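Structure file data13.txt (compact mmCIF, C-alpha atoms and all ligand atoms) follows.
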```txt
# COMPACT_ATOMS: atom_id res chain seq x y z
CA MET J 1 92.97 -14.27 89.26
CA SER J 2 91.99 -11.88 92.03
CA SER J 3 88.54 -12.03 93.51
CA ASN J 4 87.06 -8.59 93.93
CA SER J 5 83.36 -9.36 93.87
CA SER J 6 82.44 -8.72 97.48
CA PRO J 7 79.10 -6.96 97.95
CA THR J 8 80.90 -3.73 98.84
CA SER J 9 83.29 -3.49 95.89
CA ARG J 10 82.18 -3.67 92.29
CA PRO J 11 84.76 -5.14 89.93
CA VAL J 12 86.03 -2.92 87.17
CA LYS J 13 84.27 -3.78 83.94
CA THR J 14 86.36 -5.40 81.28
CA THR J 15 87.30 -3.02 78.49
CA GLY J 16 89.03 -3.41 75.13
CA LEU J 17 86.92 -6.41 74.16
CA HIS J 18 86.33 -5.49 70.52
CA VAL J 19 88.39 -4.69 67.42
CA GLY J 20 87.60 -1.58 65.34
CA GLU J 21 84.34 0.30 65.05
CA ILE J 22 81.46 -1.03 67.14
CA VAL J 23 78.77 -2.29 64.77
CA PRO J 24 76.49 -5.32 65.11
CA GLY J 25 78.70 -8.37 64.59
CA VAL J 26 81.90 -6.54 65.55
CA LYS J 27 84.99 -8.76 65.93
CA LYS J 28 86.29 -9.44 69.42
CA VAL J 29 89.91 -9.48 70.56
CA ASP J 30 89.52 -12.98 72.00
CA PRO J 31 86.16 -14.55 71.14
CA ILE J 32 85.15 -17.80 72.83
CA LEU J 33 82.09 -18.25 70.60
CA ILE J 34 81.72 -17.22 66.95
CA ALA J 35 78.41 -17.68 65.13
CA ASP J 36 77.77 -17.14 61.40
CA GLN J 37 74.55 -16.97 59.38
CA VAL J 38 72.50 -18.72 62.05
CA THR J 39 68.83 -18.81 61.10
CA ARG J 40 65.78 -20.58 62.51
CA THR J 41 62.25 -20.29 61.22
CA PHE J 42 59.02 -21.57 62.75
CA GLY J 43 56.46 -21.85 59.96
CA GLY J 44 56.65 -18.50 58.24
CA LEU J 45 58.25 -16.75 61.21
CA GLN J 46 61.97 -16.04 61.23
CA ALA J 47 62.77 -16.36 64.93
CA VAL J 48 66.55 -16.04 64.56
CA ASN J 49 68.59 -14.45 61.78
CA VAL J 50 72.06 -13.75 63.15
CA GLU J 51 74.61 -12.89 60.47
CA HIS J 52 77.67 -12.80 62.70
CA LEU J 53 78.16 -12.73 66.43
CA GLU J 54 81.26 -13.05 68.59
CA VAL J 55 81.11 -13.52 72.35
CA PRO J 56 84.18 -12.17 74.18
CA ARG J 57 86.08 -14.59 76.42
CA ASN J 58 86.25 -14.09 80.19
CA ALA J 59 83.70 -11.30 80.11
CA ILE J 60 80.03 -11.03 81.02
CA THR J 61 77.81 -10.50 77.97
CA ALA J 62 74.11 -9.68 78.28
CA LEU J 63 71.67 -10.61 75.54
CA ILE J 64 68.71 -8.25 75.66
CA GLY J 65 65.72 -7.42 73.50
CA PRO J 66 61.93 -7.34 73.59
CA ASN J 67 59.70 -10.37 74.00
CA GLY J 68 59.89 -12.62 70.96
CA ALA J 69 63.23 -11.16 69.80
CA GLY J 70 64.70 -14.66 69.46
CA LYS J 71 66.98 -14.70 72.52
CA THR J 72 65.85 -18.04 73.90
CA THR J 73 65.78 -19.61 70.44
CA LEU J 74 69.38 -18.49 69.87
CA PHE J 75 70.34 -19.97 73.27
CA ASN J 76 68.68 -23.25 72.30
CA LEU J 77 70.51 -23.34 68.97
CA LEU J 78 73.93 -22.53 70.39
CA THR J 79 73.60 -25.22 73.06
CA GLY J 80 72.38 -27.95 70.73
CA PHE J 81 68.81 -28.07 72.07
CA ASP J 82 67.39 -26.96 68.74
CA LYS J 83 68.57 -27.25 65.16
CA PRO J 84 69.02 -24.21 62.90
CA ASN J 85 67.88 -23.95 59.30
CA THR J 86 71.31 -22.58 58.39
CA GLY J 87 74.45 -21.52 60.17
CA THR J 88 77.75 -22.51 61.70
CA TRP J 89 79.35 -21.69 64.99
CA ASN J 90 82.55 -22.34 66.82
CA PHE J 91 83.09 -22.72 70.52
CA ASP J 92 86.66 -22.38 71.71
CA GLY J 93 87.92 -23.14 68.23
CA LYS J 94 85.73 -26.23 67.68
CA SER J 95 82.77 -26.39 65.33
CA LEU J 96 79.55 -27.03 67.23
CA GLY J 97 77.00 -27.23 64.40
CA GLY J 98 75.00 -30.46 64.76
CA VAL J 99 76.64 -31.39 68.07
CA PRO J 100 74.00 -32.68 70.53
CA ALA J 101 73.37 -30.87 73.81
CA PHE J 102 75.07 -33.33 76.14
CA LYS J 103 78.28 -33.17 74.08
CA VAL J 104 78.14 -29.37 73.95
CA ALA J 105 78.03 -29.37 77.76
CA ARG J 106 80.96 -31.77 77.91
CA MET J 107 82.97 -29.45 75.69
CA GLY J 108 82.57 -26.74 78.30
CA GLN J 109 79.52 -24.76 77.22
CA VAL J 110 76.61 -25.16 79.63
CA ARG J 111 73.31 -23.43 80.07
CA THR J 112 71.16 -23.22 83.14
CA PHE J 113 67.74 -24.79 83.12
CA GLN J 114 64.62 -23.81 84.85
CA LEU J 115 63.62 -26.43 87.38
CA THR J 116 61.02 -28.49 85.62
CA LYS J 117 58.36 -30.38 87.56
CA ALA J 118 60.34 -33.59 87.15
CA LEU J 119 63.56 -32.06 88.48
CA GLY J 120 61.59 -30.60 91.39
CA LEU J 121 60.85 -34.14 92.53
CA LEU J 122 64.56 -34.86 92.91
CA THR J 123 66.50 -33.66 95.92
CA VAL J 124 68.89 -30.75 95.71
CA LEU J 125 71.87 -33.11 95.82
CA GLU J 126 70.42 -35.36 93.11
CA ASN J 127 69.94 -32.31 90.92
CA MET J 128 73.58 -31.42 91.41
CA LYS J 129 74.72 -34.88 90.41
CA LEU J 130 72.68 -34.61 87.22
CA GLY J 131 74.73 -31.56 86.32
CA ALA J 132 77.97 -33.51 86.15
CA THR J 133 79.25 -34.70 82.79
CA GLY J 134 82.00 -37.06 81.73
CA GLN J 135 81.16 -39.51 84.48
CA THR J 136 83.02 -42.75 84.32
CA GLY J 137 79.82 -44.50 85.37
CA GLU J 138 78.20 -43.53 82.10
CA GLY J 139 80.24 -46.04 80.09
CA ILE J 140 79.13 -49.65 79.91
CA PHE J 141 82.60 -50.99 80.56
CA SER J 142 83.44 -48.71 83.40
CA SER J 143 80.12 -49.43 85.08
CA LEU J 144 81.35 -53.00 85.41
CA VAL J 145 84.35 -51.73 87.35
CA LYS J 146 82.49 -51.02 90.54
CA PRO J 147 85.27 -49.61 92.74
CA LEU J 148 86.05 -47.05 90.07
CA TRP J 149 82.39 -46.13 89.83
CA ARG J 150 81.97 -45.86 93.59
CA LYS J 151 85.02 -43.62 93.91
CA GLN J 152 83.59 -41.41 91.23
CA GLU J 153 80.24 -41.18 93.06
CA GLU J 154 82.06 -40.08 96.19
CA ASP J 155 84.09 -37.46 94.32
CA LEU J 156 80.92 -36.19 92.71
CA GLU J 157 79.24 -35.80 96.07
CA VAL J 158 82.22 -33.94 97.53
CA LYS J 159 82.20 -31.59 94.55
CA ALA J 160 78.42 -31.11 94.79
CA MET J 161 78.60 -30.34 98.50
CA ASP J 162 81.44 -27.83 97.97
CA LEU J 163 79.32 -26.02 95.42
CA LEU J 164 76.18 -26.23 97.60
CA ARG J 165 78.13 -24.66 100.48
CA ARG J 166 79.33 -21.87 98.21
CA PHE J 167 75.74 -21.19 97.15
CA LYS J 168 74.47 -21.56 100.74
CA LEU J 169 72.28 -24.51 99.80
CA ASP J 170 74.17 -27.22 101.69
CA THR J 171 71.57 -27.46 104.45
CA LYS J 172 68.97 -28.16 101.75
CA ARG J 173 70.83 -31.12 100.21
CA ASP J 174 68.08 -33.63 100.98
CA ASP J 175 65.13 -31.32 100.37
CA TYR J 176 63.08 -31.69 97.23
CA ALA J 177 64.18 -29.02 94.76
CA ALA J 178 60.52 -28.04 94.33
CA SER J 179 60.48 -26.81 97.95
CA LEU J 180 63.09 -24.10 97.26
CA SER J 181 62.17 -20.42 96.91
CA GLY J 182 62.43 -18.75 93.50
CA GLY J 183 65.84 -17.28 94.34
CA GLN J 184 67.18 -20.53 95.77
CA ARG J 185 66.11 -22.30 92.59
CA LYS J 186 68.14 -19.84 90.56
CA LEU J 187 71.14 -20.51 92.80
CA LEU J 188 70.67 -24.25 92.36
CA GLU J 189 70.43 -23.87 88.59
CA MET J 190 73.73 -22.01 88.61
CA ALA J 191 75.40 -24.43 91.03
CA ARG J 192 74.23 -27.40 88.93
CA ALA J 193 75.72 -25.86 85.77
CA LEU J 194 79.10 -25.55 87.52
CA MET J 195 79.24 -29.31 88.20
CA SER J 196 80.65 -29.80 84.69
CA ASP J 197 83.48 -27.23 85.08
CA PRO J 198 82.29 -25.10 82.17
CA LYS J 199 84.25 -22.47 80.26
CA LEU J 200 81.12 -20.69 79.09
CA VAL J 201 78.04 -20.44 81.31
CA MET J 202 74.79 -19.40 79.67
CA LEU J 203 72.15 -18.09 82.07
CA ASP J 204 68.52 -17.71 81.02
CA GLU J 205 66.98 -14.82 82.97
CA PRO J 206 68.96 -15.38 86.17
CA MET J 207 67.02 -12.68 88.02
CA ALA J 208 63.48 -13.72 87.11
CA GLY J 209 61.43 -14.40 90.24
CA VAL J 210 64.27 -13.57 92.63
CA ASN J 211 63.39 -11.53 95.70
CA PRO J 212 65.57 -8.49 96.54
CA ALA J 213 67.21 -10.30 99.46
CA LEU J 214 68.90 -12.75 97.10
CA THR J 215 69.56 -10.35 94.23
CA GLN J 216 72.93 -9.18 95.51
CA SER J 217 74.02 -12.71 96.25
CA LEU J 218 73.15 -13.83 92.71
CA LEU J 219 74.94 -10.86 91.17
CA ASP J 220 78.03 -11.62 93.24
CA HIS J 221 77.96 -15.26 92.17
CA ILE J 222 77.80 -14.25 88.51
CA LEU J 223 80.67 -11.79 88.93
CA ALA J 224 82.66 -14.49 90.72
CA LEU J 225 82.36 -16.77 87.68
CA LYS J 226 84.26 -14.19 85.67
CA ASP J 227 86.88 -13.85 88.40
CA GLU J 228 87.43 -17.59 88.13
CA GLY J 229 88.15 -17.29 84.41
CA MET J 230 84.76 -18.29 83.04
CA THR J 231 82.77 -16.51 80.35
CA VAL J 232 79.13 -15.65 81.01
CA LEU J 233 76.37 -15.04 78.47
CA PHE J 234 72.99 -14.22 79.95
CA VAL J 235 69.51 -13.27 78.79
CA GLU J 236 67.86 -10.70 81.01
CA HIS J 237 64.97 -8.26 80.97
CA ASP J 238 66.12 -6.34 84.04
CA MET J 239 68.07 -3.40 82.60
CA GLN J 240 69.47 -2.41 85.99
CA MET J 241 71.10 -5.77 86.33
CA VAL J 242 72.49 -5.55 82.81
CA ARG J 243 73.96 -2.16 83.59
CA HIS J 244 75.47 -3.39 86.84
CA ILE J 245 77.29 -6.49 85.75
CA ALA J 246 77.58 -6.74 81.96
CA ASP J 247 80.86 -5.90 80.25
CA TRP J 248 79.20 -6.14 76.86
CA VAL J 249 75.58 -6.00 75.69
CA VAL J 250 74.11 -7.61 72.57
CA VAL J 251 70.67 -6.39 71.55
CA MET J 252 68.34 -8.57 69.49
CA ALA J 253 65.09 -7.56 67.82
CA GLU J 254 63.05 -9.62 65.39
CA GLY J 255 65.70 -12.32 65.30
CA ARG J 256 68.61 -10.05 64.40
CA VAL J 257 71.44 -8.49 66.33
CA VAL J 258 70.52 -4.81 66.03
CA ALA J 259 73.20 -3.35 68.28
CA GLU J 260 76.01 -4.29 70.60
CA GLY J 261 78.59 -2.55 72.75
CA PRO J 262 79.52 -1.65 76.31
CA PRO J 263 76.37 -1.17 78.46
CA ASP J 264 76.73 2.57 78.97
CA THR J 265 76.90 3.38 75.28
CA VAL J 266 74.64 0.70 73.85
CA MET J 267 71.65 1.96 75.84
CA GLU J 268 71.85 5.24 73.91
CA ASP J 269 71.69 3.60 70.52
CA PRO J 270 68.44 4.52 68.72
CA ALA J 271 68.05 0.89 67.59
CA VAL J 272 68.20 -0.19 71.22
CA ILE J 273 65.68 2.37 72.29
CA ASP J 274 63.42 1.16 69.49
CA ALA J 275 63.85 -2.45 70.59
CA TYR J 276 63.32 -1.48 74.19
CA LEU J 277 60.23 0.51 73.36
CA GLY J 278 58.95 -2.53 71.55
CA SER J 279 58.87 -4.46 74.82
CA HIS J 280 56.38 -2.05 76.34
CA GLN J 281 53.32 -3.46 74.67
CA ASP J 282 50.98 -1.33 76.76
CA VAL J 283 52.31 1.89 75.30
CA ASP J 284 51.16 3.48 72.06
CA LEU J 285 54.50 3.80 70.31
CA GLY J 286 53.11 6.10 67.63
CA VAL J 287 52.16 8.66 70.24
CA VAL J 288 55.38 8.27 72.20
CA THR J 289 57.52 8.83 69.13
CA GLY J 290 55.35 11.72 67.97
CA ARG J 291 54.42 9.97 64.72
CA ILE J 292 50.72 10.13 65.41
CA ALA J 293 48.70 12.66 67.35
CA GLY J 294 47.32 11.74 70.73
CA GLU J 295 47.85 12.05 74.43
CA ASP J 296 50.63 10.13 76.15
CA SER J 297 49.27 7.62 78.60
CA ALA J 298 50.70 7.33 82.10
CA ALA J 299 52.57 4.19 80.96
CA ALA J 300 54.07 6.11 78.06
CA GLU J 301 55.18 8.94 80.33
CA GLU J 302 56.74 6.40 82.63
CA LEU J 303 58.58 4.77 79.75
CA LEU J 304 59.91 8.09 78.46
CA ALA J 305 61.10 9.00 81.96
CA GLU J 306 62.79 5.58 82.21
CA ILE J 307 64.62 6.10 78.92
CA GLU J 308 65.67 9.61 79.91
CA ASP J 309 66.97 8.31 83.26
CA GLU J 310 69.00 5.69 81.44
CA ARG J 311 70.41 8.30 79.07
CA LEU J 312 71.36 10.58 81.94
CA ALA J 313 72.85 7.68 83.89
CA ALA J 314 74.99 6.97 80.83
CA GLY J 315 76.27 10.57 80.97
CA ALA J 316 74.17 11.98 78.10
CA GLU J 317 72.88 15.55 77.97
CA PRO J 318 69.33 16.14 79.22
CA GLU J 319 66.77 15.78 76.39
CA GLU J 320 65.58 19.41 76.78
CA GLU J 321 69.09 20.77 76.20
CA ARG J 322 69.70 18.62 73.14
CA LYS J 323 66.82 20.16 71.21
N1 LIG O 401 58.82 -23.95 69.26
C1 LIG O 401 58.33 -22.87 68.68
N2 LIG O 401 57.34 -22.96 67.76
C2 LIG O 401 56.85 -21.88 67.13
N3 LIG O 401 57.27 -20.62 67.36
C3 LIG O 401 58.25 -20.45 68.24
C4 LIG O 401 58.82 -21.56 68.97
N4 LIG O 401 59.79 -21.08 69.81
C5 LIG O 401 59.80 -19.74 69.63
N5 LIG O 401 58.90 -19.36 68.70
C6 LIG O 401 58.65 -17.99 68.23
O1 LIG O 401 59.91 -17.44 67.86
C7 LIG O 401 60.01 -16.08 68.24
C8 LIG O 401 61.20 -15.89 69.14
O2 LIG O 401 60.91 -16.47 70.41
P1 LIG O 401 61.96 -16.51 71.60
O3 LIG O 401 61.31 -17.26 72.71
O4 LIG O 401 63.25 -17.00 71.12
O5 LIG O 401 62.09 -14.97 71.97
P2 LIG O 401 62.72 -14.31 73.27
O6 LIG O 401 63.51 -13.14 72.78
O7 LIG O 401 63.44 -15.33 74.06
O8 LIG O 401 61.43 -13.81 74.03
P3 LIG O 401 61.13 -13.67 75.61
O9 LIG O 401 61.93 -12.50 76.06
O10 LIG O 401 59.66 -13.40 75.64
O11 LIG O 401 61.52 -14.96 76.25
C9 LIG O 401 58.68 -15.73 68.91
O12 LIG O 401 57.86 -15.12 67.95
C10 LIG O 401 58.14 -17.08 69.32
O13 LIG O 401 56.73 -17.06 69.35
```
Translate the structure described by the file into structure tokens.
Amino acid sequence: MSSNSSPTSRPVKTTGLHVGEIVPGVKKVDPILIADQVTRTFGGLQAVNVEHLEVPRNAITALIGPNGAGKTTLFNLLTGFDKPNTGTWNFDGKSLGGVPAFKVARMGQVRTFQLTKALGLLTVLENMKLGATGQTGEGIFSSLVKPLWRKQEEDLEVKAMDLLRRFKLDTKRDDYAASLSGGQRKLLEMARALMSDPKLVMLDEPMAGVNPALTQSLLDHILALKDEGMTVLFVEHDMQMVRHIADWVVVMAEGRVVAEGPPDTVMEDPAVIDAYLGSHQDVDLGVVTGRIAGEDSAAAEELLAEIEDERLAAGAEPEEERK
């Protein structure tokens, strides 16, 4: 596959991912992940209620939605870190319901993890080694076969160093992970996930806490994953990033998938605008939507301008002319 993800050239977004009319739950031409009737409640709260969702293979899919929409909970369920109340899902043709997290990762579906305090006390290289799965050394019998185990350790280190070089973290190999900057941590999280040669990489807010200097580098790394044949599913609040790199966008609100589609069209969907408005807790939505009388606050004006900018960027007519 050709690599066209240099900072100067943006890859062409993948098209033709779906079959038929675009509605929430639309079928994909070649789905890598198919989820059905996945629900999760906490007490009386329904955090996730996904009827049907297909994730297209070898594309970059963004999962967006306001705070509390259920994005992280869905990630946890799909990767075996949490158990649903109901639901089934298939990854690459194999049923994953009830499969524990470490096995899910071994099957080729990995998610990145924020560096916890404990992981921060390990070196960068040790963190990388933790990301590897299917190690011969894990088995009781093979651990008795020392030469085999040692060879595997060496191979692991070579692989880890290759990845660290690619992510420009090789000079940090012996540093504690906790000493890395926010952006470097994100790079390490991604590099660690790649240690298990995944088919599907799930990134939880890859841009959170990243300074602008590393933003481009992170975007390029994510685009490169697709060039290498991987599928990416990521949760992100930064709409600019979603617009830049996603081939497909899934919007969640109150646990459900309320819209999906290519980024340029999905941002115009009224359900998306509703969900997006919902994330601006500082704005009086009644006033913004004209349902109740009152003066728009500065935050509301800003939000309306943001939405209008996004509409225009997507090629829509100016709001004034539509009336
Ligand atoms: N372990 C838990 N116990 C109780 N409630 C939970 C738990 N985990 C999540 N929730 C609730 O489930 C709902 C969905 O949360 P979730 O973190 O999945 O949303 P999110 O879309 O990822 O939000 P954010 O964008 O803020 O990360 C929220 O109302 C949250 O408070």
**Item:** Nearest candidate to ligand LIG 401 (chain O) (options J:Leu130, J:Leu122, J:Leu53, J:Val257; using only C-alpha atoms and all ligand atoms)
**Value:** J:Val257
**Message:** I want to know what sits within 9 Å of Thr73 (chain J), based on all atoms listed in the file, with residues of the same chain fewer than 6 positions away left out; could you give that as a list in words?
**Reply:**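 Near Thr73 (chain J), the qualifying residues are Arg40, Ala47, Val48, Asp82 and Gly255 of chain J.
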**Item:** Within 6 Å of ligand LIG 401 (chain O), counting all atoms listed in the file, residues as a count of residues only
**Value:** 10
Let me know the centre plus edge lengths, in Å and rounded to one decimal, of a box with edges along x, y and z that contains all listed atoms of region 211-228 of chain J and is padded by 4 Å on every side, as AutoDock Vina command-line options.
```
--center_x 75.4 --center_y -13.0 --center_z 92.6 --size_x 32.0 --size_y 17.1 --size_z 21.8
```
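Going from CA of Ala305 (chain J) over to CA of Leu233 (chain J), you cover 28.7 Å.
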**Option closest in space to Glu254 (chain J), from J:Lys27, J:Thr171, J:Val19, J:Gly65 [counting all atoms listed in the file]** = J:Gly65
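In this comparison, which uses all atoms listed in the file, the residue of J:Ala208, J:Val266, J:Leu96, J:Leu180 approaching Met241 (chain J) most closely is J:Ala208.
A cut-off of 8 Å from the point (86.3, -9.1, 77.8), with only C-alpha atoms, picks out the residues J:Thr14, J:Thr15, J:Gly16, J:Leu17, J:Asp30, J:Pro56, J:Arg57, J:Asn58, J:Ala59, J:Ile60, J:Asp247, J:Trp248.
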For the residues in the current selection, export C-alpha atoms as a short mmCIF file (atom, residue, chain, number, x, y, z; two decimals), in the frame of the given file.
```cif
data_model
loop_
_atom_site.label_atom_id
_atom_site.label_comp_id
_atom_site.auth_asym_id
_atom_site.auth_seq_id
_atom_site.Cartn_x
_atom_site.Cartn_y
_atom_site.Cartn_z
CA THR J 14 86.36 -5.40 81.28
CA THR J 15 87.30 -3.02 78.49
CA GLY J 16 89.03 -3.41 75.13
CA LEU J 17 86.92 -6.41 74.16
CA ASP J 30 89.52 -12.98 72.00
CA PRO J 56 84.18 -12.17 74.18
CA ARG J 57 86.08 -14.59 76.42
CA ASN J 58 86.25 -14.09 80.19
CA ALA J 59 83.70 -11.30 80.11
CA ILE J 60 80.03 -11.03 81.02
CA ASP J 247 80.86 -5.90 80.25
CA TRP J 248 79.20 -6.14 76.86
#
```
**Message:** If I take CA of Pro270 (chain J) and CA of Glu205 (chain J), how far is one from the other in Å, to one decimal?
**Reply:**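 Atom-to-atom, CA of Pro270 (chain J) and CA of Glu205 (chain J) are spaced 24.1 Å apart.
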